[in-house]
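**Q** Take a look at the following structure, please.
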2 protein chains.
Amino acid sequence: MSKQFKFNPKLDLAIERSIDAPVRLVWEALTKPEHLKEWYMPKAWGRVSRAELDLRPGGIISIDIAGPDGKDSPNLGCVLEVVPMERLVWTSMLFPGYRPAVFDDIPITAIMTMEAVGKGTRYVLTALHRTESDFQTNKTSGFYEGTEIAVDQFVAHVIAMK
Amino acid sequence: MSKQFKFNPKLDLAIERSIDAPVRLVWEALTKPEHLKEWYMPKAWGRVSRAELDLRPGGIISIDIAGPDGKDSPNLGCVLEVVPMERLVWTSMLFPGYRPAVFDDIPITAIMTMEAVGKGTRYVLTALHRTESDFQTNKTSGFYEGTEIAVDQFVAHVIAMK
């Protein structure tokens with residue numbers, strides 16, 4: 001399985017956490033829709049109304065965020081790599097089945113890796129961008145403030161699963 | 001391995017050929033740069049000056065077309081799926097390592113499949129588009145006229161390899 005991407009600090013966000021829980025639970029919290037719904041959206045900002053994840057290359061990732069007006073905002077992407085308890089990759093550049101995507105927000109590829117360290121897990125989320133400008137926009141818009149909060153919620157959720 | 005994409009005649013081009021050669025040679029002609037250079041560009045239109053293909057998910061596909069003015073036009077994409085002698089998928093929506101791509105032409109995902117039929121091979125190239133407008137543009141610009149010619153050159157090259 002490829003680990004072909006090169007981290008570029010000018011283009012890529014990386015968030016790393018040590019989680020006091022086994023890799024098995026981290027993988028479950030990341031990939032099961034009923035768990036993903038609990039941490040993906042900062043709780044003070046909104047909630048996930050629906051989540052779907054087909055864990056195979058070309059599979060769907062679909063996460064709807066409930067809006068304050070009752071309308072859901074869809075987020076649709078394509079799963080690229082699945083190595084259970086090691087690595088999950090998806091992108092919003094493609095729709096399910098690898099179809100080139102149409103989008104109006106900034107597209108990213110998200111790479112989530114995990115590895116056992118003692119009885120715990122080292123977890124890293126990396127988000128790849130097209131350009132420095134895209135990265136800067138996501139940094140200043142609050143998008144990555146939300147992502148940091150979501151990762152903290154993720155860690156808390158995994159701990160609560162023990 | 002996923003076969004998650006749904007063919008949509010309003011969005012997708014499919015070109016099918018029966019090739020009087022074994023699957024092994026079809027795969028070789030498709031994936032080895034020294035062969036790919038021989039058929040990828042319609043001979044009357046130009047030639048491939050350089051080809052690179054790293055056959056793994058996240059790997060590079062890079063094909064430079066020699067221009068009449070001595071300048072090369074690069075084409076860069078990302079390999080998504082590799083099932084030897086069955087299926088190859090790449091996309092120009094992503095750069096190698098799954099980085100979201102920057103492009104100025106119309107992006108596609110290309111899916112190439114092959115299967116043994118008697119002593120020959122059934123070969124199908126499918127190109128997925130974002131929109132009907134993208135598909136129409138590629139149809140009327142000559143891009144798909146060139147693709148049909150390239151597929152015919154591909155078939156002739158495979159036959160010559162026997």
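Letters for chains follow the order of the structure tokens (A, B, ...), residue numbers begin at 1 for each chain, and ligand numbers begin at 1 in the order shown.
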What are the residues of chain B that have an atom within 10 Å of an atom of chain A, counting only C-alpha atoms, as an mmCIF file with N, CA and C atoms, in the first residue's frame?

**A**
data_model
loop_
_atom_site.group_PDB
_atom_site.id
_atom_site.type_symbol
_atom_site.label_atom_id
_atom_site.label_comp_id
_atom_site.auth_asym_id
_atom_site.auth_seq_id
_atom_site.Cartn_x
_atom_site.Cartn_y
_atom_site.Cartn_z
ATOM 1 N N MET B 1 -11.255 -5.508 -4.604
ATOM 2 C CA MET B 1 -11.021 -4.221 -5.280
ATOM 3 C C MET B 1 -12.355 -3.681 -5.801
ATOM 4 N N SER B 2 -12.508 -2.408 -5.671
ATOM 5 C CA SER B 2 -13.799 -1.787 -5.946
ATOM 6 C C SER B 2 -14.112 -1.649 -7.438
ATOM 7 N N LYS B 3 -15.346 -1.891 -7.779
ATOM 8 C CA LYS B 3 -15.825 -1.513 -9.113
ATOM 9 C C LYS B 3 -17.044 -0.632 -8.906
ATOM 10 N N GLN B 4 -16.813 0.416 -8.105
ATOM 11 C CA GLN B 4 -17.876 1.233 -7.552
ATOM 12 C C GLN B 4 -18.470 2.238 -8.517
ATOM 13 N N PHE B 5 -17.837 2.454 -9.667
ATOM 14 C CA PHE B 5 -18.345 3.548 -10.487
ATOM 15 C C PHE B 5 -19.557 3.093 -11.308
ATOM 16 N N LYS B 6 -20.465 4.035 -11.498
ATOM 17 C CA LYS B 6 -21.649 3.754 -12.304
ATOM 18 C C LYS B 6 -21.508 4.502 -13.618
ATOM 19 N N PHE B 7 -21.559 3.777 -14.716
ATOM 20 C CA PHE B 7 -21.458 4.402 -16.031
ATOM 21 C C PHE B 7 -22.684 5.258 -16.291
ATOM 22 N N LEU B 11 -22.350 11.482 -19.130
ATOM 23 C CA LEU B 11 -21.129 12.020 -18.523
ATOM 24 C C LEU B 11 -19.863 11.269 -18.926
ATOM 25 N N ASP B 12 -20.029 10.062 -19.429
ATOM 26 C CA ASP B 12 -18.862 9.189 -19.563
ATOM 27 C C ASP B 12 -18.661 8.699 -20.984
ATOM 28 N N ASP B 54 4.045 4.950 -11.967
ATOM 29 C CA ASP B 54 4.356 4.190 -10.751
ATOM 30 C C ASP B 54 3.083 3.448 -10.351
ATOM 31 N N LEU B 55 3.108 2.141 -10.586
ATOM 32 C CA LEU B 55 1.880 1.339 -10.525
ATOM 33 C C LEU B 55 1.469 0.975 -9.101
ATOM 34 N N ARG B 56 1.072 1.969 -8.343
ATOM 35 C CA ARG B 56 0.509 1.708 -7.018
ATOM 36 C C ARG B 56 -0.394 2.866 -6.651
ATOM 37 N N PRO B 57 -1.372 2.624 -5.764
ATOM 38 C CA PRO B 57 -2.263 3.712 -5.354
ATOM 39 C C PRO B 57 -1.459 4.888 -4.826
ATOM 40 N N GLY B 58 -1.753 6.072 -5.309
ATOM 41 C CA GLY B 58 -0.999 7.266 -4.936
ATOM 42 C C GLY B 58 0.211 7.525 -5.816
ATOM 43 N N GLY B 59 0.532 6.580 -6.706
ATOM 44 C CA GLY B 59 1.706 6.707 -7.557
ATOM 45 C C GLY B 59 1.525 7.720 -8.684
ATOM 46 N N ILE B 60 2.635 8.076 -9.280
ATOM 47 C CA ILE B 60 2.625 9.095 -10.330
ATOM 48 C C ILE B 60 2.236 8.514 -11.678
ATOM 49 N N LEU B 80 -4.813 5.393 -9.027
ATOM 50 C CA LEU B 80 -5.771 5.099 -7.950
ATOM 51 C C LEU B 80 -5.907 3.604 -7.657
ATOM 52 N N GLU B 81 -6.021 2.801 -8.703
ATOM 53 C CA GLU B 81 -6.176 1.351 -8.507
ATOM 54 C C GLU B 81 -5.320 0.597 -9.514
ATOM 55 N N VAL B 89 -6.690 2.363 -12.863
ATOM 56 C CA VAL B 89 -7.453 3.613 -12.741
ATOM 57 C C VAL B 89 -6.488 4.735 -12.413
ATOM 58 N N TRP B 90 -6.630 5.864 -13.147
ATOM 59 C CA TRP B 90 -5.892 7.056 -12.744
ATOM 60 C C TRP B 90 -6.781 8.276 -12.926
ATOM 61 N N THR B 91 -6.372 9.376 -12.310
ATOM 62 C CA THR B 91 -7.162 10.604 -12.412
ATOM 63 C C THR B 91 -6.259 11.816 -12.542
ATOM 64 N N SER B 92 -6.748 12.830 -13.263
ATOM 65 C CA SER B 92 -6.028 14.107 -13.316
ATOM 66 C C SER B 92 -6.588 15.094 -12.293
ATOM 67 N N MET B 93 -7.544 14.655 -11.462
ATOM 68 C CA MET B 93 -8.054 15.499 -10.369
ATOM 69 C C MET B 93 -7.068 15.544 -9.202
ATOM 70 N N LEU B 94 -6.159 14.575 -9.172
ATOM 71 C CA LEU B 94 -5.172 14.514 -8.096
ATOM 72 C C LEU B 94 -3.781 14.465 -8.689
ATOM 73 N N PHE B 95 -2.830 15.047 -7.992
ATOM 74 C CA PHE B 95 -1.427 14.879 -8.303
ATOM 75 C C PHE B 95 -0.909 13.653 -7.535
ATOM 76 N N PRO B 96 0.309 13.202 -7.822
ATOM 77 C CA PRO B 96 0.844 12.048 -7.094
ATOM 78 C C PRO B 96 0.754 12.252 -5.578
ATOM 79 N N GLY B 97 0.587 11.154 -4.865
ATOM 80 C CA GLY B 97 0.435 11.234 -3.417
ATOM 81 C C GLY B 97 -0.926 11.763 -3.004
ATOM 82 N N TYR B 98 -1.881 11.783 -3.953
ATOM 83 C CA TYR B 98 -3.272 12.186 -3.690
ATOM 84 C C TYR B 98 -3.452 13.677 -3.456
ATOM 85 N N ARG B 99 -2.429 14.494 -3.737
ATOM 86 C CA ARG B 99 -2.607 15.928 -3.533
ATOM 87 C C ARG B 99 -3.655 16.483 -4.502
ATOM 88 N N PRO B 100 -4.626 17.279 -3.994
ATOM 89 C CA PRO B 100 -5.585 17.934 -4.896
ATOM 90 C C PRO B 100 -4.846 18.694 -5.993
ATOM 91 N N ALA B 101 -5.274 18.479 -7.232
ATOM 92 C CA ALA B 101 -4.534 18.999 -8.384
ATOM 93 C C ALA B 101 -4.984 20.390 -8.777
ATOM 94 N N VAL B 102 -4.071 21.106 -9.402
ATOM 95 C CA VAL B 102 -4.364 22.365 -10.090
ATOM 96 C C VAL B 102 -4.250 22.052 -11.579
ATOM 97 N N ILE B 106 -9.666 20.080 -18.991
ATOM 98 C CA ILE B 106 -10.791 19.372 -18.376
ATOM 99 C C ILE B 106 -10.285 18.101 -17.701
ATOM 100 N N PRO B 107 -10.553 17.961 -16.400
ATOM 101 C CA PRO B 107 -10.039 16.776 -15.698
ATOM 102 C C PRO B 107 -10.903 15.546 -15.959
ATOM 103 N N ILE B 108 -10.257 14.398 -15.984
ATOM 104 C CA ILE B 108 -11.000 13.139 -16.116
ATOM 105 C C ILE B 108 -10.406 12.097 -15.165
ATOM 106 N N THR B 109 -11.217 11.089 -14.901
ATOM 107 C CA THR B 109 -10.696 9.839 -14.347
ATOM 108 C C THR B 109 -10.780 8.802 -15.459
ATOM 109 N N ALA B 110 -9.692 8.068 -15.685
ATOM 110 C CA ALA B 110 -9.642 7.044 -16.726
ATOM 111 C C ALA B 110 -9.617 5.667 -16.072
ATOM 112 N N ILE B 111 -10.529 4.801 -16.520
ATOM 113 C CA ILE B 111 -10.601 3.432 -16.006
ATOM 114 C C ILE B 111 -10.363 2.493 -17.183
ATOM 115 N N ALA B 127 -13.797 7.041 -19.621
ATOM 116 C CA ALA B 127 -13.352 8.338 -19.108
ATOM 117 C C ALA B 127 -14.543 9.009 -18.417
ATOM 118 N N LEU B 128 -14.356 9.319 -17.133
ATOM 119 C CA LEU B 128 -15.423 9.936 -16.334
ATOM 120 C C LEU B 128 -15.218 11.447 -16.269
ATOM 121 N N HIS B 129 -16.305 12.189 -16.419
ATOM 122 C CA HIS B 129 -16.247 13.655 -16.390
ATOM 123 C C HIS B 129 -17.035 14.220 -15.208
ATOM 124 N N ARG B 130 -16.747 15.493 -14.917
ATOM 125 C CA ARG B 130 -17.490 16.179 -13.855
ATOM 126 C C ARG B 130 -18.925 16.456 -14.267
ATOM 127 N N THR B 131 -19.076 16.934 -15.522
ATOM 128 C CA THR B 131 -20.365 17.486 -15.953
ATOM 129 C C THR B 131 -20.617 17.156 -17.425
#

**Q** Please identify all polymer residues within 9 Å of Glu34 (chain B), counting only C-alpha atoms, omitting same-chain residues fewer than 5 positions from it, and present them as a list of chain:residue names.

**A**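 Residues near the query, excluding close chain neighbours: B:Ala29, B:Arg50, B:Ala51.
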
**Q** Could you pull the residues within 10 Å of Val117 (chain B), counting only C-alpha atoms, minus those fewer than 6 positions along the same chain, as a compact mmCIF listing (two decimals) with all heavy atoms, in the first residue's frame?

**A**
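Ended up saving to around16.txt:
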# COMPACT_ATOMS: atom_id res chain seq x y z
N SER B 18 -11.99 -5.39 -29.16
CA SER B 18 -11.54 -6.78 -29.04
C SER B 18 -10.14 -6.84 -29.63
O SER B 18 -9.93 -6.41 -30.77
CB SER B 18 -12.47 -7.71 -29.81
OG SER B 18 -13.70 -7.80 -29.15
N ILE B 19 -9.20 -7.32 -28.86
CA ILE B 19 -7.81 -7.34 -29.30
C ILE B 19 -7.36 -8.80 -29.44
O ILE B 19 -7.52 -9.59 -28.51
CB ILE B 19 -6.89 -6.60 -28.28
CG1 ILE B 19 -7.43 -5.19 -28.00
CG2 ILE B 19 -5.46 -6.54 -28.80
CD1 ILE B 19 -6.63 -4.40 -26.99
N ASP B 20 -6.80 -9.11 -30.60
CA ASP B 20 -6.37 -10.49 -30.86
C ASP B 20 -4.97 -10.73 -30.28
O ASP B 20 -3.99 -10.94 -31.00
CB ASP B 20 -6.39 -10.74 -32.39
CG ASP B 20 -6.05 -12.19 -32.72
OD1 ASP B 20 -6.18 -13.06 -31.83
OD2 ASP B 20 -5.63 -12.44 -33.87
N ALA B 21 -4.91 -10.65 -28.97
CA ALA B 21 -3.65 -10.84 -28.24
C ALA B 21 -4.00 -11.15 -26.79
O ALA B 21 -5.07 -10.76 -26.31
CB ALA B 21 -2.79 -9.57 -28.32
N PRO B 22 -3.10 -11.85 -26.10
CA PRO B 22 -3.41 -12.22 -24.71
C PRO B 22 -3.39 -11.01 -23.77
O PRO B 22 -2.71 -10.01 -24.02
CB PRO B 22 -2.29 -13.20 -24.35
CG PRO B 22 -1.19 -12.94 -25.31
CD PRO B 22 -1.82 -12.41 -26.56
N VAL B 23 -4.13 -11.14 -22.68
CA VAL B 23 -4.26 -10.08 -21.67
C VAL B 23 -2.88 -9.60 -21.20
O VAL B 23 -2.68 -8.41 -20.98
CB VAL B 23 -5.09 -10.61 -20.48
CG1 VAL B 23 -5.02 -9.64 -19.31
CG2 VAL B 23 -6.54 -10.82 -20.90
N TYR B 123 -11.05 -5.15 -24.23
CA TYR B 123 -10.45 -3.99 -23.58
C TYR B 123 -11.45 -2.84 -23.57
O TYR B 123 -12.09 -2.57 -24.59
CB TYR B 123 -9.19 -3.57 -24.34
CG TYR B 123 -8.55 -2.30 -23.85
CD1 TYR B 123 -7.77 -2.29 -22.69
CD2 TYR B 123 -8.71 -1.10 -24.53
CE1 TYR B 123 -7.18 -1.13 -22.23
CE2 TYR B 123 -8.12 0.08 -24.08
CZ TYR B 123 -7.36 0.05 -22.93
OH TYR B 123 -6.78 1.20 -22.47
